[in-house]
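Here the structure is laid out as structure tokens; the discussion comes afterwards.
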Amino acid sequence: MFDFGGVDFSVLASAVPGPELGVLLARVDLAAVNGHARVLVMRAWERQVSWASAQLYGAMAYVARSPACEPDSPPGLNASFGEFASAEVGAASCLSPGSADRELSFAFELTERLPATRAALSAGTISLGKARAIVEETCCLAPELAGQAEEFILAADAASGVGLTRAQVVRRLRRKVLELDPAGAEERRREAQQGRRVGFGANPDGTGSIAGLDLPMAGTAAARVFIKTHARRIKRAGDVRTLAQIEADVFLDLLRGRHPTANLDPAATADADTTTSADPTTSADPTSSADPRCSADPPPAGSSGRRTGADAAASPGAGAGWGGGDTDVDLDDPGDAGVCAGTGDEWLVAKVELVAELETWLRLGSRAGELAGLGAITPAVIDDIKDAAAGGFEYCRTVTLDGEVVYHQASSRRYNPTAAQRRFIEAMHRTCAQPGCSRTATQCDLDHTIEHRLGGPSCACNLAPLCRRHHRAKHQAGWWWTHNRPDHLTAQSPLGHTYTIQPEPPPGALPADSAATTAGR
């Protein structure tokens, strides 16, 4: 390892946070080191900030347990937090009463209810944001169950190598909470739904806001994909607004009783994806004698491999924005929203994507499932969605068994992946493949790891979801990807660091010692 200005970066890379690390970091001149070293310094500061945060909330807890005293009084400590302790904390830290209450509540949770989380924060192995997520997601559990959830997520974070992101911590904990306390989760859901409401507000910049709160999940999921489907059809017709702007306008149109696509040419807005969702009880293409994952024909000579015009419109799942390794890839299409729609001028049918274990589908178990784009759900919510399917929207099932998706789609012998392939890859990865990115796969491009024009097949062994930002980073900033197997990839950053990525485990595959992400340097 290199040495800059007397600082041994091999020591810095693994230094335990605390006063000694603070002294070491103070000696580093960031302008005098290279990018690789700056990453090590940044990580060291992250550990140091976590350590300092743990000391801060530990001190806050001591303040809350301190009896009344004078400046020269002997030390004393009460057995519990004082009733008016937040008044002292608020005055000392310039916090409003509500903020002081929240900060003191967090300090209590760390020091009294979740000591292992505080220890991990002090050791620098988790960030303050992740500690807050653990506290927030387990506050509804009894102390014993909260301890089990804490042990589970800290073990998963440690096993991941470089650590889980805050979003991953939240997703896994929500699923774990549902599994630890299914009856309580269902009771909390039903109670919250009783308070469902709509909020209207004015923003400082002169815009307005509308929000539906504590709504039934089945209706929320259907509304989400319904709006996204309409917005995509309007965008495909050539609308110049951004997709987000169209979604907002569709939302307002629907609330005001206006059909958002009434004035559009049906032929121009017809959805090219006319394939039906795969039946999870059906195996891969029975007519294929070869391995369906690894077959592809290169594009014609002189062609980029992309289909255009009538050919693209006639192909199920075809269209711009699928991703791919070619440099002429269209990065202006938002990609599949995870829904299917009718064609012509008929009213669209929204489709929601559900992932759950086989036993849950058969109602033989109570493990949590997952709703694409929205997170973990109880079996009761799955039943609600299935029961509501006759009322105007569909659902697409993904079945897992022993932590594995139990079906695979046949590979395509063309540039653009099929709609079925896309659904399978979205079910397998579920988020952008870039380390730390939690954008759902349904909102990502499908990128050819090996460019199609160089012989890379359009199959699960060579396709991975990358959000628009990280898709551009691959092509423009020098990120390099390698497929180890369909669900495992290795990424090399422009600064020489490598990251091996395993997708988020599906329901039923969350052992604490499973490595979701490991890094080598």
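Chains: A, B, ... in order of the structure tokens. Residues: from 1 per chain. Ligands: from 1, in order shown.
Proximity to A:Ser53 at 10 Å, evaluated using only C-alpha atoms and with sequence-adjacent residues fewer than 6 positions away removed, yields Arg47, Ala59, Arg118, Leu121, Ser122, Gly124, Ser127 and Leu128 of chain A.
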Item to check | Contacts of stretch 170-186 of chain A within 7 Å, only C-alpha atoms, excl. fewer than 5 positions in-chain, as a ChimeraX atom specification | outcome: /A:133,137,145,149,153,367-368,375-376,378
Grab the residues selected above and save them as a PDB file, in the first residue's frame with all heavy atoms.
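Saved file out_37.pdb follows:
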```pdb
ATOM      1  N   ALA A 133     -33.022   3.764  10.709  1.00  0.00           N
ATOM      2  CA  ALA A 133     -33.937   2.847  10.026  1.00  0.00           C
ATOM      3  C   ALA A 133     -34.263   1.644  10.906  1.00  0.00           C
ATOM      4  O   ALA A 133     -35.420   1.208  10.970  1.00  0.00           O
ATOM      5  CB  ALA A 133     -33.317   2.393   8.709  1.00  0.00           C
ATOM      6  N   GLU A 137     -38.095   0.942  12.088  1.00  0.00           N
ATOM      7  CA  GLU A 137     -38.796  -0.231  11.574  1.00  0.00           C
ATOM      8  C   GLU A 137     -39.123  -1.258  12.661  1.00  0.00           C
ATOM      9  O   GLU A 137     -39.957  -2.128  12.450  1.00  0.00           O
ATOM     10  CB  GLU A 137     -37.976  -0.895  10.472  1.00  0.00           C
ATOM     11  CG  GLU A 137     -37.755  -0.031   9.249  1.00  0.00           C
ATOM     12  CD  GLU A 137     -39.051   0.407   8.601  1.00  0.00           C
ATOM     13  OE1 GLU A 137     -40.014  -0.391   8.595  1.00  0.00           O
ATOM     14  OE2 GLU A 137     -39.112   1.555   8.107  1.00  0.00           O
ATOM     15  N   LEU A 145     -39.064  -9.384  20.322  1.00  0.00           N
ATOM     16  CA  LEU A 145     -39.106  -9.492  18.869  1.00  0.00           C
ATOM     17  C   LEU A 145     -38.225  -8.428  18.218  1.00  0.00           C
ATOM     18  O   LEU A 145     -37.586  -8.685  17.192  1.00  0.00           O
ATOM     19  CB  LEU A 145     -40.543  -9.361  18.369  1.00  0.00           C
ATOM     20  CG  LEU A 145     -41.507 -10.472  18.783  1.00  0.00           C
ATOM     21  CD1 LEU A 145     -42.903 -10.214  18.221  1.00  0.00           C
ATOM     22  CD2 LEU A 145     -40.993 -11.830  18.309  1.00  0.00           C
ATOM     23  N   ALA A 149     -35.243  -9.017  15.448  1.00  0.00           N
ATOM     24  CA  ALA A 149     -35.128  -8.280  14.184  1.00  0.00           C
ATOM     25  C   ALA A 149     -33.786  -7.562  14.108  1.00  0.00           C
ATOM     26  O   ALA A 149     -33.139  -7.525  13.052  1.00  0.00           O
ATOM     27  CB  ALA A 149     -36.282  -7.284  14.054  1.00  0.00           C
ATOM     28  N   ILE A 153     -30.881  -8.192  11.161  1.00  0.00           N
ATOM     29  CA  ILE A 153     -30.441  -7.201  10.182  1.00  0.00           C
ATOM     30  C   ILE A 153     -28.972  -6.862  10.366  1.00  0.00           C
ATOM     31  O   ILE A 153     -28.256  -6.615   9.384  1.00  0.00           O
ATOM     32  CB  ILE A 153     -31.318  -5.927  10.243  1.00  0.00           C
ATOM     33  CG1 ILE A 153     -31.157  -5.102   8.958  1.00  0.00           C
ATOM     34  CG2 ILE A 153     -31.021  -5.092  11.471  1.00  0.00           C
ATOM     35  CD1 ILE A 153     -31.583  -5.831   7.699  1.00  0.00           C
ATOM     36  N   ARG A 367     -45.528 -16.457   5.363  1.00  0.00           N
ATOM     37  CA  ARG A 367     -44.371 -15.618   5.074  1.00  0.00           C
ATOM     38  C   ARG A 367     -44.783 -14.426   4.228  1.00  0.00           C
ATOM     39  O   ARG A 367     -45.690 -14.506   3.398  1.00  0.00           O
ATOM     40  CB  ARG A 367     -43.301 -16.433   4.334  1.00  0.00           C
ATOM     41  CG  ARG A 367     -42.767 -17.636   5.100  1.00  0.00           C
ATOM     42  CD  ARG A 367     -41.914 -17.212   6.286  1.00  0.00           C
ATOM     43  NE  ARG A 367     -40.699 -16.545   5.881  1.00  0.00           N
ATOM     44  CZ  ARG A 367     -39.573 -17.189   5.576  1.00  0.00           C
ATOM     45  NH1 ARG A 367     -39.518 -18.516   5.620  1.00  0.00           N
ATOM     46  NH2 ARG A 367     -38.487 -16.520   5.240  1.00  0.00           N
ATOM     47  N   ALA A 368     -44.077 -13.316   4.428  1.00  0.00           N
ATOM     48  CA  ALA A 368     -44.399 -12.095   3.697  1.00  0.00           C
ATOM     49  C   ALA A 368     -44.076 -12.247   2.218  1.00  0.00           C
ATOM     50  O   ALA A 368     -43.141 -12.948   1.835  1.00  0.00           O
ATOM     51  CB  ALA A 368     -43.627 -10.918   4.284  1.00  0.00           C
ATOM     52  N   GLY A 375     -42.750  -2.867  -1.932  1.00  0.00           N
ATOM     53  CA  GLY A 375     -42.143  -3.534  -0.784  1.00  0.00           C
ATOM     54  C   GLY A 375     -42.921  -4.713  -0.244  1.00  0.00           C
ATOM     55  O   GLY A 375     -43.808  -5.279  -0.902  1.00  0.00           O
ATOM     56  N   ALA A 376     -42.580  -5.097   1.001  1.00  0.00           N
ATOM     57  CA  ALA A 376     -43.119  -6.302   1.632  1.00  0.00           C
ATOM     58  C   ALA A 376     -44.595  -6.130   1.962  1.00  0.00           C
ATOM     59  O   ALA A 376     -45.047  -5.054   2.350  1.00  0.00           O
ATOM     60  CB  ALA A 376     -42.334  -6.624   2.900  1.00  0.00           C
ATOM     61  N   THR A 378     -48.227  -8.469   3.575  1.00  0.00           N
ATOM     62  CA  THR A 378     -48.714  -9.639   4.294  1.00  0.00           C
ATOM     63  C   THR A 378     -49.500 -10.543   3.343  1.00  0.00           C
ATOM     64  O   THR A 378     -49.992 -10.096   2.303  1.00  0.00           O
ATOM     65  CB  THR A 378     -49.626  -9.233   5.454  1.00  0.00           C
ATOM     66  OG1 THR A 378     -50.799  -8.594   4.923  1.00  0.00           O
ATOM     67  CG2 THR A 378     -48.915  -8.260   6.399  1.00  0.00           C
TER      68      THR A 378
END
```
Checklist entry - What's the 12 Å shell around A:Asp8, counting only C-alpha atoms, without same-chain residues fewer than 5 positions away, as number ranges by chain? => result A: 1-3, 13-15, 21, 24-25, 27-28, 33, 37, 40-41
If you keep all heavy atoms, can you produce a file of those selected residues as a compact mmCIF listing (two decimals), in the first residue's frame?
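out.txt, written as the output of this step:
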```txt
# COMPACT_ATOMS: atom_id res chain seq x y z
N MET A 1 0.86 -1.20 0.00
CA MET A 1 0.00 0.00 0.00
C MET A 1 0.89 1.24 0.00
O MET A 1 1.96 1.25 0.58
CB MET A 1 -0.93 -0.02 1.21
CG MET A 1 -1.93 1.11 1.28
SD MET A 1 -3.19 1.07 -0.02
CE MET A 1 -4.22 -0.28 0.53
N PHE A 2 0.42 2.30 -0.62
CA PHE A 2 1.19 3.51 -0.79
C PHE A 2 1.22 4.35 0.49
O PHE A 2 0.47 4.13 1.42
CB PHE A 2 0.60 4.34 -1.93
CG PHE A 2 -0.90 4.34 -1.94
CD1 PHE A 2 -1.61 5.21 -1.15
CD2 PHE A 2 -1.58 3.43 -2.73
CE1 PHE A 2 -2.99 5.18 -1.15
CE2 PHE A 2 -2.96 3.41 -2.72
CZ PHE A 2 -3.66 4.28 -1.94
N ASP A 3 2.10 5.34 0.50
CA ASP A 3 2.28 6.22 1.66
C ASP A 3 2.35 7.64 1.15
O ASP A 3 3.19 7.98 0.33
CB ASP A 3 3.55 5.83 2.41
CG ASP A 3 3.73 6.64 3.69
OD1 ASP A 3 3.62 7.87 3.64
OD2 ASP A 3 3.98 6.02 4.74
N ALA A 13 -7.24 2.19 6.10
CA ALA A 13 -8.35 1.43 5.51
C ALA A 13 -9.09 0.59 6.53
O ALA A 13 -10.29 0.35 6.37
CB ALA A 13 -7.82 0.54 4.39
N SER A 14 -8.42 0.14 7.59
CA SER A 14 -9.06 -0.74 8.57
C SER A 14 -9.04 -0.18 9.98
O SER A 14 -9.35 -0.89 10.94
CB SER A 14 -8.37 -2.11 8.56
OG SER A 14 -6.98 -1.97 8.83
N ALA A 15 -8.68 1.08 10.14
CA ALA A 15 -8.56 1.69 11.46
C ALA A 15 -9.91 1.74 12.17
O ALA A 15 -10.93 2.09 11.57
CB ALA A 15 -7.97 3.08 11.35
N LEU A 21 -8.14 7.54 15.26
CA LEU A 21 -8.46 7.70 13.84
C LEU A 21 -8.65 9.18 13.50
O LEU A 21 -8.26 9.63 12.41
CB LEU A 21 -9.72 6.91 13.48
CG LEU A 21 -10.19 7.01 12.02
CD1 LEU A 21 -9.09 6.56 11.06
CD2 LEU A 21 -11.46 6.20 11.81
N LEU A 24 -5.32 10.64 12.87
CA LEU A 24 -4.78 10.17 11.60
C LEU A 24 -5.43 10.89 10.42
O LEU A 24 -4.75 11.32 9.48
CB LEU A 24 -4.99 8.66 11.49
CG LEU A 24 -4.34 7.95 10.30
CD1 LEU A 24 -2.82 8.11 10.35
CD2 LEU A 24 -4.72 6.47 10.30
N LEU A 25 -6.74 11.05 10.47
CA LEU A 25 -7.45 11.71 9.36
C LEU A 25 -7.06 13.18 9.26
O LEU A 25 -7.04 13.75 8.16
CB LEU A 25 -8.96 11.58 9.57
CG LEU A 25 -9.56 10.20 9.29
CD1 LEU A 25 -11.00 10.13 9.76
CD2 LEU A 25 -9.47 9.88 7.79
N ARG A 27 -4.31 14.40 9.48
CA ARG A 27 -3.01 14.55 8.81
C ARG A 27 -3.11 14.37 7.30
O ARG A 27 -2.13 14.61 6.59
CB ARG A 27 -2.03 13.52 9.37
CG ARG A 27 -1.69 13.75 10.83
CD ARG A 27 -0.96 12.54 11.40
NE ARG A 27 0.17 12.14 10.57
CZ ARG A 27 0.80 10.97 10.67
NH1 ARG A 27 0.38 10.09 11.55
NH2 ARG A 27 1.82 10.69 9.88
N VAL A 28 -4.26 13.95 6.79
CA VAL A 28 -4.39 13.65 5.36
C VAL A 28 -4.65 14.93 4.58
O VAL A 28 -5.57 15.70 4.89
CB VAL A 28 -5.52 12.64 5.11
CG1 VAL A 28 -5.71 12.42 3.61
CG2 VAL A 28 -5.23 11.32 5.81
N VAL A 33 -3.32 13.32 -2.62
CA VAL A 33 -3.48 11.88 -2.80
C VAL A 33 -4.34 11.61 -4.02
O VAL A 33 -5.05 12.50 -4.51
CB VAL A 33 -4.10 11.21 -1.55
CG1 VAL A 33 -3.21 11.43 -0.33
CG2 VAL A 33 -5.51 11.75 -1.28
N ALA A 37 -7.03 6.58 -2.95
CA ALA A 37 -6.80 6.93 -1.55
C ALA A 37 -7.94 7.77 -0.99
O ALA A 37 -8.32 7.64 0.18
CB ALA A 37 -5.48 7.66 -1.41
N LEU A 40 -10.69 5.71 0.37
CA LEU A 40 -10.36 5.17 1.70
C LEU A 40 -10.55 6.22 2.78
O LEU A 40 -11.05 5.92 3.87
CB LEU A 40 -8.93 4.65 1.70
CG LEU A 40 -8.60 3.51 0.74
CD1 LEU A 40 -7.13 3.14 0.84
CD2 LEU A 40 -9.48 2.30 1.02
N VAL A 41 -10.17 7.46 2.49
CA VAL A 41 -10.35 8.55 3.45
C VAL A 41 -11.83 8.80 3.69
O VAL A 41 -12.28 8.98 4.83
CB VAL A 41 -9.66 9.84 2.94
CG1 VAL A 41 -9.99 11.02 3.85
CG2 VAL A 41 -8.16 9.64 2.86
```
Checklist entry - Using only C-alpha atoms, which of A:Leu164, A:Met428, A:Cys461, A:Ala419 sits nearest A:Glu404? => result A:Met428
Item to check | Selected residue, from A:Val355, A:Asn416, A:Pro19, A:Gly206, that lies nearest to A:Thr400 when counting only C-alpha atoms | outcome: A:Val355
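For stretch 103-299 of chain A, backbone-based DSSP labels the following residues as strand (DSSP E): Arg197, Val198, Gly199, Phe200, Gly201, Ala202, Gly208, Ser209, Ile210, Ala211, Gly212 and Leu213 of chain A.
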Checklist outcome for this item: One residue among A:Leu354, A:Ala54, A:Val39, A:Ala218 is nearest to A:Gly18 when using only C-alpha atoms, and that residue is A:Ala54
Next on the checklist: Env of A:Phe84: 12 Å cut, atoms = only C-alpha atoms, seq-sep filter 5 positions within chain, self excluded. Answer as a PyMOL selection string.
Outcome noted: chain A and resi 63-68+89-91+97+100-101+104
Residue subset to file, keeping all heavy atoms, as an mmCIF file, in the first residue's frame:
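Result written to result_12.cif:
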```
data_model
loop_
_atom_site.group_PDB
_atom_site.id
_atom_site.type_symbol
_atom_site.label_atom_id
_atom_site.label_comp_id
_atom_site.auth_asym_id
_atom_site.auth_seq_id
_atom_site.Cartn_x
_atom_site.Cartn_y
_atom_site.Cartn_z
ATOM 1 N N VAL A 63 -27.752 12.635 29.949
ATOM 2 C CA VAL A 63 -28.415 13.889 30.326
ATOM 3 C C VAL A 63 -29.845 13.604 30.764
ATOM 4 O O VAL A 63 -30.330 14.163 31.767
ATOM 5 C CB VAL A 63 -28.395 14.884 29.147
ATOM 6 C CG1 VAL A 63 -29.326 16.080 29.413
ATOM 7 C CG2 VAL A 63 -26.988 15.379 28.891
ATOM 8 N N ALA A 64 -30.529 12.739 30.053
ATOM 9 C CA ALA A 64 -31.927 12.443 30.359
ATOM 10 C C ALA A 64 -32.095 11.724 31.694
ATOM 11 O O ALA A 64 -33.188 11.743 32.279
ATOM 12 C CB ALA A 64 -32.528 11.598 29.237
ATOM 13 N N ARG A 65 -31.046 11.083 32.170
ATOM 14 C CA ARG A 65 -31.125 10.345 33.442
ATOM 15 C C ARG A 65 -30.460 11.093 34.591
ATOM 16 O O ARG A 65 -30.294 10.555 35.692
ATOM 17 C CB ARG A 65 -30.458 8.976 33.268
ATOM 18 C CG ARG A 65 -31.179 8.064 32.304
ATOM 19 C CD ARG A 65 -30.395 6.788 32.061
ATOM 20 N NE ARG A 65 -30.170 6.042 33.297
ATOM 21 C CZ ARG A 65 -29.337 5.011 33.405
ATOM 22 N NH1 ARG A 65 -28.643 4.617 32.346
ATOM 23 N NH2 ARG A 65 -29.193 4.389 34.565
ATOM 24 N N SER A 66 -30.075 12.334 34.344
ATOM 25 C CA SER A 66 -29.377 13.112 35.372
ATOM 26 C C SER A 66 -30.360 13.805 36.321
ATOM 27 O O SER A 66 -31.324 14.440 35.864
ATOM 28 C CB SER A 66 -28.479 14.178 34.725
ATOM 29 O OG SER A 66 -27.473 13.573 33.941
ATOM 30 N N PRO A 67 -30.129 13.708 37.641
ATOM 31 C CA PRO A 67 -30.971 14.439 38.597
ATOM 32 C C PRO A 67 -30.607 15.913 38.610
ATOM 33 O O PRO A 67 -29.554 16.324 38.109
ATOM 34 C CB PRO A 67 -30.638 13.764 39.931
ATOM 35 C CG PRO A 67 -29.229 13.275 39.760
ATOM 36 C CD PRO A 67 -29.100 12.896 38.322
ATOM 37 N N ALA A 68 -31.481 16.723 39.184
ATOM 38 C CA ALA A 68 -31.198 18.162 39.305
ATOM 39 C C ALA A 68 -29.904 18.362 40.092
ATOM 40 O O ALA A 68 -29.616 17.630 41.043
ATOM 41 C CB ALA A 68 -32.359 18.862 39.988
ATOM 42 N N VAL A 89 -32.660 18.904 26.812
ATOM 43 C CA VAL A 89 -32.023 18.575 25.533
ATOM 44 C C VAL A 89 -32.353 19.625 24.483
ATOM 45 O O VAL A 89 -31.477 20.087 23.742
ATOM 46 C CB VAL A 89 -32.467 17.171 25.057
ATOM 47 C CG1 VAL A 89 -32.021 16.913 23.627
ATOM 48 C CG2 VAL A 89 -31.922 16.097 25.984
ATOM 49 N N GLY A 90 -33.609 20.040 24.429
ATOM 50 C CA GLY A 90 -34.010 21.037 23.451
ATOM 51 C C GLY A 90 -33.331 22.370 23.660
ATOM 52 O O GLY A 90 -32.875 23.017 22.705
ATOM 53 N N ALA A 91 -33.225 22.805 24.923
ATOM 54 C CA ALA A 91 -32.583 24.084 25.206
ATOM 55 C C ALA A 91 -31.094 24.047 24.887
ATOM 56 O O ALA A 91 -30.538 25.006 24.334
ATOM 57 C CB ALA A 91 -32.802 24.443 26.677
ATOM 58 N N PRO A 97 -39.553 21.615 20.682
ATOM 59 C CA PRO A 97 -40.001 20.539 21.569
ATOM 60 C C PRO A 97 -40.226 19.215 20.838
ATOM 61 O O PRO A 97 -39.831 18.145 21.331
ATOM 62 C CB PRO A 97 -41.307 21.086 22.148
ATOM 63 C CG PRO A 97 -41.129 22.575 22.130
ATOM 64 C CD PRO A 97 -40.341 22.846 20.881
ATOM 65 N N ALA A 100 -36.802 17.760 19.876
ATOM 66 C CA ALA A 100 -36.118 17.262 21.075
ATOM 67 C C ALA A 100 -36.718 15.941 21.526
ATOM 68 O O ALA A 100 -35.988 15.017 21.923
ATOM 69 C CB ALA A 100 -36.211 18.302 22.187
ATOM 70 N N ASP A 101 -38.040 15.820 21.484
ATOM 71 C CA ASP A 101 -38.691 14.559 21.853
ATOM 72 C C ASP A 101 -38.235 13.423 20.943
ATOM 73 O O ASP A 101 -37.958 12.314 21.412
ATOM 74 C CB ASP A 101 -40.211 14.703 21.777
ATOM 75 C CG ASP A 101 -40.790 15.519 22.924
ATOM 76 O OD1 ASP A 101 -40.086 15.667 23.953
ATOM 77 O OD2 ASP A 101 -41.917 16.019 22.789
ATOM 78 N N LEU A 104 -34.546 12.472 21.669
ATOM 79 C CA LEU A 104 -34.420 11.768 22.931
ATOM 80 C C LEU A 104 -35.009 10.362 22.840
ATOM 81 O O LEU A 104 -34.481 9.409 23.428
ATOM 82 C CB LEU A 104 -35.109 12.562 24.046
ATOM 83 C CG LEU A 104 -34.788 12.131 25.480
ATOM 84 C CD1 LEU A 104 -33.292 12.179 25.739
ATOM 85 C CD2 LEU A 104 -35.523 13.027 26.475
#
```
A:Pro216 surroundings by only C-alpha atoms, 9 Å radius, close-in-sequence under 5 positions cut, as a PDB file with N, CA and C atoms, in the first residue's frame:
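For reference, out_17.pdb as written:
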```
ATOM      1  N   ARG A 189     -52.190  -2.864  10.115  1.00  0.00           N
ATOM      2  CA  ARG A 189     -52.632  -2.461   8.771  1.00  0.00           C
ATOM      3  C   ARG A 189     -54.106  -2.078   8.777  1.00  0.00           C
ATOM      4  N   ARG A 190     -54.921  -2.912   9.393  1.00  0.00           N
ATOM      5  CA  ARG A 190     -56.363  -2.636   9.414  1.00  0.00           C
ATOM      6  C   ARG A 190     -56.676  -1.367  10.208  1.00  0.00           C
ATOM      7  N   GLN A 193     -55.695   1.662   8.111  1.00  0.00           N
ATOM      8  CA  GLN A 193     -56.642   1.902   7.017  1.00  0.00           C
ATOM      9  C   GLN A 193     -57.887   2.639   7.489  1.00  0.00           C
ATOM     10  N   ARG A 196     -57.636   6.316   6.805  1.00  0.00           N
ATOM     11  CA  ARG A 196     -57.297   6.742   5.441  1.00  0.00           C
ATOM     12  C   ARG A 196     -57.939   8.094   5.131  1.00  0.00           C
ATOM     13  N   ALA A 221     -51.569  -0.046  -5.250  1.00  0.00           N
ATOM     14  CA  ALA A 221     -50.763  -0.695  -6.278  1.00  0.00           C
ATOM     15  C   ALA A 221     -51.411  -0.568  -7.650  1.00  0.00           C
ATOM     16  N   VAL A 381     -52.780  -9.082   2.295  1.00  0.00           N
ATOM     17  CA  VAL A 381     -52.778  -8.109   1.195  1.00  0.00           C
ATOM     18  C   VAL A 381     -52.734  -8.833  -0.144  1.00  0.00           C
TER      19      VAL A 381
END
```
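Across the structure, atom CA of A:Ala107 and atom CA of A:Glu88 are spaced 14.0 Å apart.
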